[in-house]
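Below is run_21.cif, which holds mmCIF, C-alpha atoms.
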```
data_work
loop_
_atom_site.group_PDB
_atom_site.id
_atom_site.type_symbol
_atom_site.label_atom_id
_atom_site.label_comp_id
_atom_site.auth_asym_id
_atom_site.auth_seq_id
_atom_site.Cartn_x
_atom_site.Cartn_y
_atom_site.Cartn_z
ATOM 1 C CA VAL A 252 9.870 9.491 -27.310
ATOM 2 C CA GLY A 253 10.759 6.155 -28.907
ATOM 3 C CA VAL A 254 11.124 4.817 -32.426
ATOM 4 C CA ILE A 255 9.908 1.374 -33.516
ATOM 5 C CA ARG A 256 10.799 -0.192 -36.844
ATOM 6 C CA LEU A 257 8.054 -2.312 -38.373
ATOM 7 C CA LYS A 258 9.478 -4.804 -40.826
ATOM 8 C CA ASN A 259 7.489 -7.090 -43.132
ATOM 9 C CA TRP A 260 4.353 -5.408 -41.860
ATOM 10 C CA LYS A 261 0.948 -6.435 -43.098
ATOM 11 C CA GLY A 262 -2.313 -4.603 -42.576
ATOM 12 C CA ASP A 263 -3.254 -0.994 -41.910
ATOM 13 C CA VAL A 264 -0.335 0.556 -39.977
ATOM 14 C CA GLU A 265 -2.336 3.618 -38.892
ATOM 15 C CA GLU A 266 -5.209 1.534 -37.549
ATOM 16 C CA GLN A 267 -2.949 -0.935 -35.769
ATOM 17 C CA LEU A 268 -0.770 1.746 -34.159
ATOM 18 C CA THR A 269 -3.877 3.585 -32.975
ATOM 19 C CA ARG A 270 -5.290 0.395 -31.477
ATOM 20 C CA ALA A 271 -2.003 -0.467 -29.766
ATOM 21 C CA CYS A 272 -1.632 3.021 -28.253
ATOM 22 C CA ASP A 273 -5.227 2.953 -27.049
ATOM 23 C CA GLU A 274 -4.694 -0.455 -25.449
ATOM 24 C CA ILE A 275 -1.578 0.754 -23.619
ATOM 25 C CA SER A 276 -3.198 3.909 -22.240
ATOM 26 C CA HIS A 277 -6.618 2.462 -21.372
ATOM 27 C CA SER A 278 -6.457 -1.336 -20.968
ATOM 28 C CA ASP A 279 -2.937 -2.174 -19.815
ATOM 29 C CA PRO A 280 -2.711 -1.744 -15.996
ATOM 30 C CA LEU A 281 0.685 -0.036 -15.893
ATOM 31 C CA GLY A 282 -0.135 2.122 -18.900
ATOM 32 C CA SER A 283 -3.485 3.161 -17.425
ATOM 33 C CA TYR A 284 -1.703 4.083 -14.181
ATOM 34 C CA ALA A 285 1.296 5.867 -15.673
ATOM 35 C CA VAL A 286 0.384 7.321 -19.076
ATOM 36 C CA ASP A 287 -1.356 10.665 -19.479
ATOM 37 C CA ARG A 288 -1.247 10.764 -23.280
ATOM 38 C CA ILE A 289 0.291 8.660 -26.049
ATOM 39 C CA GLN A 290 0.614 9.707 -29.679
ATOM 40 C CA HIS A 291 2.117 8.156 -32.786
ATOM 41 C CA SER A 292 3.255 8.993 -36.291
ATOM 42 C CA PHE A 293 4.946 6.854 -38.917
ATOM 43 C CA THR A 294 7.012 7.135 -42.068
ATOM 44 C CA ARG A 295 7.258 4.655 -44.941
ATOM 45 C CA MET A 296 10.853 3.737 -45.665
ATOM 46 C CA VAL A 297 12.014 1.595 -48.579
ATOM 47 C CA SER A 298 11.435 -1.786 -46.900
ATOM 48 C CA TYR A 299 9.864 -0.954 -43.552
ATOM 49 C CA TYR A 300 7.837 1.558 -41.552
ATOM 50 C CA GLU A 301 9.373 3.734 -38.865
ATOM 51 C CA ALA A 302 6.881 4.607 -36.089
ATOM 52 C CA THR A 303 7.572 7.387 -33.615
ATOM 53 C CA ILE A 304 5.776 7.026 -30.280
ATOM 54 C CA THR A 305 5.455 10.025 -27.959
ATOM 55 C CA ILE A 306 4.315 9.422 -24.376
ATOM 56 C CA ASP A 307 3.417 12.029 -21.765
ATOM 57 C CA PHE A 308 3.625 10.488 -18.284
ATOM 58 C CA ARG A 309 1.690 11.462 -15.188
ATOM 59 C CA ARG A 310 3.985 9.418 -12.942
ATOM 60 C CA THR A 311 7.690 9.721 -12.280
ATOM 61 C CA ALA A 312 10.126 7.011 -13.294
ATOM 62 C CA GLU A 313 10.572 6.210 -9.590
ATOM 63 C CA GLN A 314 6.832 5.749 -9.084
ATOM 64 C CA ILE A 315 6.587 3.420 -12.075
ATOM 65 C CA ALA A 316 9.633 1.369 -11.018
ATOM 66 C CA ALA A 317 8.180 0.993 -7.509
ATOM 67 C CA VAL A 318 5.038 -0.814 -8.740
ATOM 68 C CA THR A 319 5.320 -4.418 -7.575
ATOM 69 C CA THR A 320 3.275 -7.438 -8.698
ATOM 70 C CA VAL A 321 1.262 -9.377 -6.109
ATOM 71 C CA THR A 322 -1.006 -12.417 -6.198
ATOM 72 C CA GLY A 323 -3.624 -13.240 -3.579
ATOM 73 C CA SER A 324 -5.083 -11.403 -0.602
ATOM 74 C CA GLY A 325 -2.160 -12.374 1.615
ATOM 75 C CA ALA A 326 0.341 -10.660 -0.681
ATOM 76 C CA ILE A 327 -1.905 -7.596 -0.995
ATOM 77 C CA ARG A 328 -2.159 -7.345 2.767
ATOM 78 C CA ALA A 329 1.625 -7.715 3.101
ATOM 79 C CA GLU A 330 2.099 -4.729 0.776
ATOM 80 C CA LEU A 331 -0.271 -2.684 2.904
ATOM 81 C CA VAL A 332 1.408 -3.781 6.138
ATOM 82 C CA ASP A 333 4.773 -2.614 4.757
ATOM 83 C CA ALA A 334 3.283 0.759 3.817
ATOM 84 C CA LEU A 335 1.696 1.344 7.231
ATOM 85 C CA ASP A 336 4.768 0.056 9.047
ATOM 86 C CA GLY A 337 6.909 2.709 7.371
ATOM 87 C CA PHE A 338 4.280 5.493 7.462
ATOM 88 C CA VAL A 339 4.442 5.545 3.665
ATOM 89 C CA THR A 340 2.028 8.038 2.107
ATOM 90 C CA GLU A 341 1.757 6.391 -1.325
ATOM 91 C CA THR A 342 2.041 2.851 -2.626
ATOM 92 C CA ALA A 343 1.012 1.080 -5.822
ATOM 93 C CA PHE A 344 1.022 -2.572 -6.818
ATOM 94 C CA GLN A 345 -0.286 -4.676 -9.694
ATOM 95 C CA ILE A 346 -2.694 -7.573 -9.157
ATOM 96 C CA ASN A 347 -2.492 -10.053 -12.032
ATOM 97 C CA TYR A 348 -5.535 -12.114 -11.017
ATOM 98 C CA PHE A 349 -7.995 -9.472 -9.931
ATOM 99 C CA ASP A 350 -11.182 -10.803 -8.405
ATOM 100 C CA GLU A 351 -14.181 -8.514 -8.883
ATOM 101 C CA THR A 352 -14.774 -8.729 -5.107
ATOM 102 C CA GLN A 353 -11.440 -6.945 -4.626
ATOM 103 C CA ASP A 354 -12.926 -3.468 -5.031
ATOM 104 C CA THR A 355 -11.871 -0.269 -3.291
ATOM 105 C CA ASP A 356 -13.867 -1.168 -0.157
ATOM 106 C CA TYR A 357 -12.075 -4.518 -0.032
ATOM 107 C CA ILE A 358 -8.692 -2.749 -0.115
ATOM 108 C CA ARG A 359 -9.800 -0.345 2.611
ATOM 109 C CA GLY A 360 -10.827 -3.337 4.725
ATOM 110 C CA LEU A 361 -7.381 -4.878 4.332
ATOM 111 C CA ILE A 362 -5.787 -1.575 5.349
ATOM 112 C CA ARG A 363 -7.883 -1.523 8.497
ATOM 113 C CA GLU A 364 -6.837 -5.106 9.314
ATOM 114 C CA ALA A 365 -3.173 -4.273 8.656
ATOM 115 C CA TYR A 366 -3.401 -1.230 10.928
ATOM 116 C CA TYR A 367 -4.461 -3.358 13.899
ATOM 117 C CA ASP A 368 -1.734 -5.893 13.148
ATOM 118 C CA LEU A 369 0.869 -3.188 13.880
ATOM 119 C CA PRO A 370 0.206 -1.792 17.381
ATOM 120 C CA ALA A 371 3.538 0.051 17.490
ATOM 121 C CA ALA A 372 2.753 1.801 14.197
ATOM 122 C CA ALA A 373 -0.995 2.205 14.824
ATOM 123 C CA LEU A 374 -0.716 5.839 15.862
ATOM 124 C CA GLY A 375 -3.913 7.076 14.274
ATOM 125 C CA MET A 376 -5.914 5.521 11.454
ATOM 126 C CA PRO A 377 -4.932 7.270 8.207
ATOM 127 C CA GLU A 378 -7.417 8.593 5.702
ATOM 128 C CA VAL A 379 -7.381 6.273 2.690
ATOM 129 C CA GLU A 380 -7.869 6.933 -1.018
ATOM 130 C CA VAL A 381 -7.865 3.924 -3.363
ATOM 131 C CA GLN A 382 -7.760 4.085 -7.172
ATOM 132 C CA LEU A 383 -7.878 1.144 -9.596
ATOM 133 C CA TYR A 384 -6.226 1.211 -13.039
ATOM 134 C CA PRO A 385 -7.970 0.396 -15.347
ATOM 135 C CA ASP A 386 -11.583 0.483 -14.166
ATOM 136 C CA GLN A 387 -12.174 -3.166 -15.115
ATOM 137 C CA GLY A 388 -10.296 -6.295 -16.085
ATOM 138 C CA SER A 389 -8.491 -9.222 -14.469
ATOM 139 C CA ARG A 390 -5.201 -7.283 -14.202
ATOM 140 C CA ARG A 391 -5.114 -3.948 -12.422
ATOM 141 C CA VAL A 392 -2.798 -1.545 -10.664
ATOM 142 C CA VAL A 393 -4.020 -0.520 -7.209
ATOM 143 C CA GLU A 394 -2.906 2.918 -6.009
ATOM 144 C CA VAL A 395 -3.254 3.654 -2.307
ATOM 145 C CA LEU A 396 -2.801 7.157 -0.878
ATOM 146 C CA LEU A 397 -2.523 7.432 2.910
ATOM 147 C CA THR A 398 -2.950 10.665 4.869
ATOM 148 C CA TYR A 399 -1.854 10.274 8.489
ATOM 149 C CA PRO A 400 -3.135 12.380 11.390
ATOM 150 C CA GLU A 401 0.404 13.685 11.939
ATOM 151 C CA ASP A 402 3.581 14.155 9.921
ATOM 152 C CA PRO A 403 5.276 10.770 9.294
ATOM 153 C CA LYS A 404 8.491 12.008 10.943
ATOM 154 C CA ALA A 405 6.566 12.892 14.102
ATOM 155 C CA LEU A 406 4.941 9.469 14.035
ATOM 156 C CA GLN A 407 8.336 7.786 13.689
ATOM 157 C CA SER A 408 9.509 9.651 16.788
ATOM 158 C CA LYS A 409 6.413 8.595 18.713
ATOM 159 C CA ARG A 410 6.931 5.023 17.617
ATOM 160 C CA VAL A 411 10.454 4.984 19.062
ATOM 161 C CA GLN A 412 9.142 6.306 22.385
ATOM 162 C CA LEU A 413 6.346 3.729 22.391
ATOM 163 C CA GLU A 414 8.627 0.807 21.584
ATOM 164 C CA THR A 415 11.063 1.866 24.297
ATOM 165 C CA ALA A 416 8.298 2.098 26.895
ATOM 166 C CA ALA A 417 6.755 -1.216 25.840
ATOM 167 C CA THR A 418 10.114 -3.012 25.854
ATOM 168 C CA ASP A 419 10.903 -1.742 29.351
ATOM 169 C CA LEU A 420 7.552 -3.006 30.647
ATOM 170 C CA ALA A 421 7.778 -6.363 28.883
ATOM 171 C CA GLU A 422 11.429 -7.120 29.635
ATOM 172 C CA PRO A 423 10.857 -8.868 33.015
ATOM 173 C CA TYR A 424 8.433 -11.272 31.314
ATOM 174 C CA ARG A 425 10.468 -12.215 28.230
ATOM 175 C CA SER A 426 12.401 -15.016 29.896
ATOM 176 C CA GLY A 427 9.593 -17.519 29.360
ATOM 177 C CA GLY A 428 9.297 -18.381 33.039
ATOM 178 C CA LEU A 429 5.498 -18.009 33.198
ATOM 179 C CA GLU A 430 2.923 -20.245 31.605
ATOM 180 C CA GLU A 431 0.532 -18.544 29.206
ATOM 181 C CA THR A 432 -2.386 -17.889 31.549
ATOM 182 C CA ALA A 433 -0.123 -16.399 34.237
ATOM 183 C CA LEU A 434 1.717 -14.312 31.645
ATOM 184 C CA ALA A 435 -1.545 -12.972 30.220
ATOM 185 C CA GLY A 436 -2.627 -11.895 33.699
ATOM 186 C CA ALA A 437 0.754 -10.360 34.525
ATOM 187 C CA LEU A 438 0.772 -8.257 31.337
ATOM 188 C CA TYR A 439 -2.768 -7.112 32.079
ATOM 189 C CA ASP A 440 -1.701 -6.011 35.574
ATOM 190 C CA VAL A 441 1.306 -4.137 34.167
ATOM 191 C CA LEU A 442 -0.941 -2.351 31.672
ATOM 192 C CA ARG A 443 -3.443 -1.320 34.354
ATOM 193 C CA GLU A 444 -0.621 -0.012 36.551
ATOM 194 C CA THR A 445 0.744 2.020 33.638
ATOM 195 C CA CYS A 446 -2.424 3.362 32.055
ATOM 196 C CA VAL A 447 -5.614 4.960 33.331
ATOM 197 C CA PRO A 448 -8.555 3.724 31.213
ATOM 198 C CA ALA A 449 -10.756 6.619 30.157
ATOM 199 C CA ALA A 450 -13.422 7.042 27.495
ATOM 200 C CA ASP A 451 -11.892 10.400 26.556
ATOM 201 C CA GLY A 452 -8.369 8.973 26.370
ATOM 202 C CA GLY A 453 -6.368 8.441 23.192
ATOM 203 C CA ALA A 454 -6.945 5.452 20.894
ATOM 204 C CA THR A 455 -3.326 4.298 20.476
ATOM 205 C CA ALA A 456 -0.763 2.284 22.398
ATOM 206 C CA TYR A 457 1.300 5.469 22.607
ATOM 207 C CA HIS A 458 -1.442 7.121 24.646
ATOM 208 C CA ALA A 459 -1.599 4.082 26.915
ATOM 209 C CA LEU A 460 2.089 3.355 27.514
ATOM 210 C CA VAL A 461 3.718 6.775 27.094
ATOM 211 C CA GLU A 462 1.036 9.270 28.134
ATOM 212 C CA GLY A 463 -0.648 6.904 30.585
ATOM 213 C CA LYS A 464 -4.274 7.479 29.567
ATOM 214 C CA ALA A 465 -6.190 5.710 26.809
ATOM 215 C CA ASP A 466 -9.620 4.509 25.744
ATOM 216 C CA SER A 467 -10.474 0.844 25.142
ATOM 217 C CA GLU A 468 -8.868 0.796 21.695
ATOM 218 C CA GLY A 469 -5.664 2.298 23.007
ATOM 219 C CA MET A 470 -5.626 -0.226 25.866
ATOM 220 C CA ALA A 471 -6.202 -3.128 23.462
ATOM 221 C CA LEU A 472 -3.393 -2.017 21.143
ATOM 222 C CA ALA A 473 -1.034 -1.579 24.094
ATOM 223 C CA TYR A 474 -1.891 -5.053 25.390
ATOM 224 C CA ARG A 475 -1.318 -6.512 21.923
ATOM 225 C CA GLU A 476 2.112 -4.848 21.811
ATOM 226 C CA LEU A 477 3.081 -6.294 25.197
ATOM 227 C CA CYS A 478 1.895 -9.735 24.106
ATOM 228 C CA ASP A 479 3.888 -9.533 20.873
ATOM 229 C CA LEU A 480 7.054 -8.589 22.773
ATOM 230 C CA THR A 481 6.724 -11.538 25.133
ATOM 231 C CA GLY A 482 5.683 -14.082 22.506
ATOM 232 C CA LEU A 483 2.165 -14.478 23.871
ATOM 233 C CA GLU A 484 -0.370 -15.088 21.099
#
```
Could you render the structure from this file as structure tokens?
Amino acid sequence: VGVIRLKNWKGDVEEQLTRACDEISHSDPLGSYAVDRIQHSFTRMVSYYEATITIDFRRTAEQIAAVTTVTGSGAIRAELVDALDGFVTETAFQINYFDETQDTDYIRGLIREAYYDLPAAALGMPEVEVQLYPDQGSRRVVEVLLTYPEDPKALQSKRVQLETAATDLAEPYRSGGLEETALAGALYDVLRETCVPAADGGATAYHALVEGKADSEGMALAYRELCDLTGLE
């Protein structure tokens, strides 16, 4: 609940308060995301009006404070990379220059790209739910809900095991003694010695480097991880 004093006010106070509350709850991105209901009342004082605004929120103060502002596809993707990297289950950010091509499918596409940019954290593609607040406009809040195939704590543990295994395999090749073509071949040989390729194997680098059996996607992610550790693009 908040109180606003309206001094030297001209026009219909009831109409203008109603319009302002409607704009906050339906047109403003943060209001559309955070506000469940907003009501107002007002009292005429001697020289001013006193308006009382009552807001029911559907988000916590922490959720609202966590909404960041981004501009451009690169910044959007960076937000999504951070979420996937930390196995975050919920993230929200505001886009101030929203292109109509940036719909929910566009956001899902960026999540998929971000997933493959993080081989150590790519431990199972999460289910994705994307909501836009409001439904239209050049400024919107994007809410992304991520449901992982396992509990985030279990995934963090697997990530540590994967990174340890990958580091041990890559360590002999991190000195920079091999030229790129030789290094690429050496990492491939290490991967084939470590992992049995199988169509029914797992689809993550963890399956390849820790469990020793993976399908083509798991092999590719494992190879990408080894390349990243040795500086091979």
One decimal, in Å: what's the spacing between CA of Asp307 (chain A) and CA of Thr340 (chain A)?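 Straight-line distance from CA of Asp307 (chain A) to CA of Thr340 (chain A) works out to 24.2 Å.
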So which residues get picked by the PyMOL selection byres ((chain A and resi 326) around 12) here, written as number ranges by chain? A: 319-325, 327-333, 344-348, 361, 365
Could you tell me which of A:Thr305, A:Thr311, A:Thr418, A:Thr455 comes closest to Met376 (chain A) if we count all atoms listed in the file? A:Thr455
Go through A:Leu480, A:Tyr366, A:Val447, A:Asp350 and flag the residue nearest Tyr424 (chain A), using all atoms listed in the file for the distances. A:Leu480
Please provide as an NGL selection string all residues within 12 Å of Leu477 (chain A), with the sequence filter that same-chain residues fewer than 2 positions apart are discarded (counting all atoms listed in the file). :A and (369-371 or 413-425 or 434-442 or 456 or 459-460 or 470-475 or 479-484)
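Coordinates place CA of Thr269 (chain A) at a distance of 7.5 Å from CA of His291 (chain A).
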For region 398-404 of chain A, please output as a list in words all residues within 8 Å (counting all atoms listed in the file; exclusion window: fewer than 3 positions along the same chain).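 Answer for this query is Phe338, Val339, Thr340, Gly375, Met376, Pro377, Glu378, Val379, Gln407 and Ser408 of chain A.
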Dump C-alpha atoms for the selected residues as an mmCIF file, in the frame of the given file?
```cif
data_model
loop_
_atom_site.group_PDB
_atom_site.id
_atom_site.type_symbol
_atom_site.label_atom_id
_atom_site.label_comp_id
_atom_site.auth_asym_id
_atom_site.auth_seq_id
_atom_site.Cartn_x
_atom_site.Cartn_y
_atom_site.Cartn_z
ATOM 1 C CA PHE A 338 4.280 5.493 7.462
ATOM 2 C CA VAL A 339 4.442 5.545 3.665
ATOM 3 C CA THR A 340 2.028 8.038 2.107
ATOM 4 C CA GLY A 375 -3.913 7.076 14.274
ATOM 5 C CA MET A 376 -5.914 5.521 11.454
ATOM 6 C CA PRO A 377 -4.932 7.270 8.207
ATOM 7 C CA GLU A 378 -7.417 8.593 5.702
ATOM 8 C CA VAL A 379 -7.381 6.273 2.690
ATOM 9 C CA GLN A 407 8.336 7.786 13.689
ATOM 10 C CA SER A 408 9.509 9.651 16.788
#
```
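For the choices A:Ile358, A:Val381, A:Leu374, A:His277, the atom-to-atom distance to Val411 (chain A) is smallest for A:Leu374 when using all atoms listed in the file.
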Can you pull out every residue within 10 Å of Gln382 (chain A), counting only C-alpha atoms, but drop anything in the same chain fewer than 6 positions away, and send it as a ChimeraX atom specification? /A:284,343,354-355,358,391-396
Would you list the residues near (9.3, 10.3, -29.0), meaning any protein, DNA or RNA residue with an atom at most 6 Å from that point in file coordinates, counting only C-alpha atoms, as a ChimeraX atom specification? /A:252-253,303-305
Pairwise distance for CA of Val264 (chain A) and CA of Gln387 (chain A), rounded to one decimal in Å: 27.8 Å
Apply the PyMOL selection byres ((chain A and resi 302) around 6) to the structure shown and report the selected residues as number ranges by chain. A: 254-255, 292-293, 301, 303
Would you save the residues of that selection, restricted to C-alpha atoms, as a compact mmCIF listing (two decimals), keeping the file's coordinate frame?
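Writing done, so here's again-v9.txt:
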```txt
# COMPACT_ATOMS: atom_id res chain seq x y z
CA VAL A 254 11.12 4.82 -32.43
CA ILE A 255 9.91 1.37 -33.52
CA SER A 292 3.26 8.99 -36.29
CA PHE A 293 4.95 6.85 -38.92
CA GLU A 301 9.37 3.73 -38.86
CA THR A 303 7.57 7.39 -33.62
```
Got a sec to resolve the PyMOL selection byres ((chain A and resi 258-260) around 8) on this structure and send the residues as a PDB file with C-alpha atoms, in the coordinates of the input?
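To be explicit, this is the file written out as result25.pdb:
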```
ATOM      1  CA  ARG A 256      10.799  -0.192 -36.844  1.00  0.00           C
ATOM      2  CA  LEU A 257       8.054  -2.312 -38.373  1.00  0.00           C
ATOM      3  CA  LYS A 261       0.948  -6.435 -43.098  1.00  0.00           C
ATOM      4  CA  GLY A 262      -2.313  -4.603 -42.576  1.00  0.00           C
ATOM      5  CA  VAL A 264      -0.335   0.556 -39.977  1.00  0.00           C
ATOM      6  CA  SER A 298      11.435  -1.786 -46.900  1.00  0.00           C
ATOM      7  CA  TYR A 299       9.864  -0.954 -43.552  1.00  0.00           C
ATOM      8  CA  TYR A 300       7.837   1.558 -41.552  1.00  0.00           C
TER       9      TYR A 300
END
```
Rebuild region 260-287 of chain A to N, CA and C atoms - output it as a PDB file, in the frame of the given file, please.
```
ATOM      1  N   TRP A 260       5.637  -5.701 -42.514  1.00  0.00           N
ATOM      2  CA  TRP A 260       4.353  -5.408 -41.860  1.00  0.00           C
ATOM      3  C   TRP A 260       3.192  -5.618 -42.823  1.00  0.00           C
ATOM      4  N   LYS A 261       2.148  -6.223 -42.309  1.00  0.00           N
ATOM      5  CA  LYS A 261       0.948  -6.435 -43.098  1.00  0.00           C
ATOM      6  C   LYS A 261      -0.228  -5.759 -42.406  1.00  0.00           C
ATOM      7  N   GLY A 262      -1.156  -5.250 -43.166  1.00  0.00           N
ATOM      8  CA  GLY A 262      -2.313  -4.603 -42.576  1.00  0.00           C
ATOM      9  C   GLY A 262      -2.172  -3.095 -42.552  1.00  0.00           C
ATOM     10  N   ASP A 263      -3.180  -2.449 -41.972  1.00  0.00           N
ATOM     11  CA  ASP A 263      -3.254  -0.994 -41.910  1.00  0.00           C
ATOM     12  C   ASP A 263      -2.405  -0.503 -40.744  1.00  0.00           C
ATOM     13  N   VAL A 264      -1.264   0.110 -41.025  1.00  0.00           N
ATOM     14  CA  VAL A 264      -0.335   0.556 -39.977  1.00  0.00           C
ATOM     15  C   VAL A 264      -0.988   1.601 -39.086  1.00  0.00           C
ATOM     16  N   GLU A 265      -1.688   2.556 -39.672  1.00  0.00           N
ATOM     17  CA  GLU A 265      -2.336   3.618 -38.892  1.00  0.00           C
ATOM     18  C   GLU A 265      -3.337   3.028 -37.905  1.00  0.00           C
ATOM     19  N   GLU A 266      -4.181   2.136 -38.411  1.00  0.00           N
ATOM     20  CA  GLU A 266      -5.209   1.534 -37.549  1.00  0.00           C
ATOM     21  C   GLU A 266      -4.578   0.714 -36.429  1.00  0.00           C
ATOM     22  N   GLN A 267      -3.554  -0.050 -36.770  1.00  0.00           N
ATOM     23  CA  GLN A 267      -2.949  -0.935 -35.769  1.00  0.00           C
ATOM     24  C   GLN A 267      -2.154  -0.155 -34.729  1.00  0.00           C
ATOM     25  N   LEU A 268      -1.474   0.900 -35.121  1.00  0.00           N
ATOM     26  CA  LEU A 268      -0.770   1.746 -34.159  1.00  0.00           C
ATOM     27  C   LEU A 268      -1.755   2.439 -33.225  1.00  0.00           C
ATOM     28  N   THR A 269      -2.857   2.921 -33.793  1.00  0.00           N
ATOM     29  CA  THR A 269      -3.877   3.585 -32.975  1.00  0.00           C
ATOM     30  C   THR A 269      -4.453   2.616 -31.948  1.00  0.00           C
ATOM     31  N   ARG A 270      -4.726   1.393 -32.385  1.00  0.00           N
ATOM     32  CA  ARG A 270      -5.290   0.395 -31.477  1.00  0.00           C
ATOM     33  C   ARG A 270      -4.292   0.030 -30.373  1.00  0.00           C
ATOM     34  N   ALA A 271      -3.029  -0.114 -30.750  1.00  0.00           N
ATOM     35  CA  ALA A 271      -2.003  -0.467 -29.766  1.00  0.00           C
ATOM     36  C   ALA A 271      -1.820   0.643 -28.732  1.00  0.00           C
ATOM     37  N   CYS A 272      -1.787   1.888 -29.180  1.00  0.00           N
ATOM     38  CA  CYS A 272      -1.632   3.021 -28.253  1.00  0.00           C
ATOM     39  C   CYS A 272      -2.828   3.138 -27.318  1.00  0.00           C
ATOM     40  N   ASP A 273      -4.021   2.900 -27.873  1.00  0.00           N
ATOM     41  CA  ASP A 273      -5.227   2.953 -27.049  1.00  0.00           C
ATOM     42  C   ASP A 273      -5.216   1.847 -25.997  1.00  0.00           C
ATOM     43  N   GLU A 274      -4.757   0.669 -26.395  1.00  0.00           N
ATOM     44  CA  GLU A 274      -4.694  -0.455 -25.449  1.00  0.00           C
ATOM     45  C   GLU A 274      -3.716  -0.144 -24.311  1.00  0.00           C
ATOM     46  N   ILE A 275      -2.573   0.434 -24.646  1.00  0.00           N
ATOM     47  CA  ILE A 275      -1.578   0.754 -23.619  1.00  0.00           C
ATOM     48  C   ILE A 275      -2.119   1.776 -22.624  1.00  0.00           C
ATOM     49  N   SER A 276      -2.778   2.818 -23.122  1.00  0.00           N
ATOM     50  CA  SER A 276      -3.198   3.909 -22.240  1.00  0.00           C
ATOM     51  C   SER A 276      -4.503   3.642 -21.506  1.00  0.00           C
ATOM     52  N   HIS A 277      -5.309   2.678 -21.995  1.00  0.00           N
ATOM     53  CA  HIS A 277      -6.618   2.462 -21.372  1.00  0.00           C
ATOM     54  C   HIS A 277      -6.842   1.056 -20.818  1.00  0.00           C
ATOM     55  N   SER A 278      -6.196   0.043 -21.384  1.00  0.00           N
ATOM     56  CA  SER A 278      -6.457  -1.336 -20.968  1.00  0.00           C
ATOM     57  C   SER A 278      -5.314  -1.965 -20.186  1.00  0.00           C
ATOM     58  N   ASP A 279      -4.079  -1.620 -20.533  1.00  0.00           N
ATOM     59  CA  ASP A 279      -2.937  -2.174 -19.815  1.00  0.00           C
ATOM     60  C   ASP A 279      -2.850  -1.533 -18.429  1.00  0.00           C
ATOM     61  N   PRO A 280      -2.711  -2.315 -17.351  1.00  0.00           N
ATOM     62  CA  PRO A 280      -2.711  -1.744 -15.996  1.00  0.00           C
ATOM     63  C   PRO A 280      -1.633  -0.688 -15.775  1.00  0.00           C
ATOM     64  N   LEU A 281      -0.395  -0.997 -16.134  1.00  0.00           N
ATOM     65  CA  LEU A 281       0.685  -0.036 -15.893  1.00  0.00           C
ATOM     66  C   LEU A 281       0.535   1.194 -16.772  1.00  0.00           C
ATOM     67  N   GLY A 282       0.092   0.988 -18.014  1.00  0.00           N
ATOM     68  CA  GLY A 282      -0.135   2.122 -18.900  1.00  0.00           C
ATOM     69  C   GLY A 282      -1.263   3.007 -18.395  1.00  0.00           C
ATOM     70  N   SER A 283      -2.354   2.399 -17.954  1.00  0.00           N
ATOM     71  CA  SER A 283      -3.485   3.161 -17.425  1.00  0.00           C
ATOM     72  C   SER A 283      -3.080   3.968 -16.204  1.00  0.00           C
ATOM     73  N   TYR A 284      -2.187   3.404 -15.382  1.00  0.00           N
ATOM     74  CA  TYR A 284      -1.703   4.083 -14.181  1.00  0.00           C
ATOM     75  C   TYR A 284      -0.725   5.205 -14.512  1.00  0.00           C
ATOM     76  N   ALA A 285       0.151   4.973 -15.488  1.00  0.00           N
ATOM     77  CA  ALA A 285       1.296   5.867 -15.673  1.00  0.00           C
ATOM     78  C   ALA A 285       1.177   6.857 -16.821  1.00  0.00           C
ATOM     79  N   VAL A 286       0.378   6.527 -17.843  1.00  0.00           N
ATOM     80  CA  VAL A 286       0.384   7.321 -19.076  1.00  0.00           C
ATOM     81  C   VAL A 286      -0.735   8.357 -19.061  1.00  0.00           C
ATOM     82  N   ASP A 287      -0.367   9.600 -19.344  1.00  0.00           N
ATOM     83  CA  ASP A 287      -1.356  10.665 -19.479  1.00  0.00           C
ATOM     84  C   ASP A 287      -1.844  10.756 -20.923  1.00  0.00           C
TER      85      ASP A 287
END
```
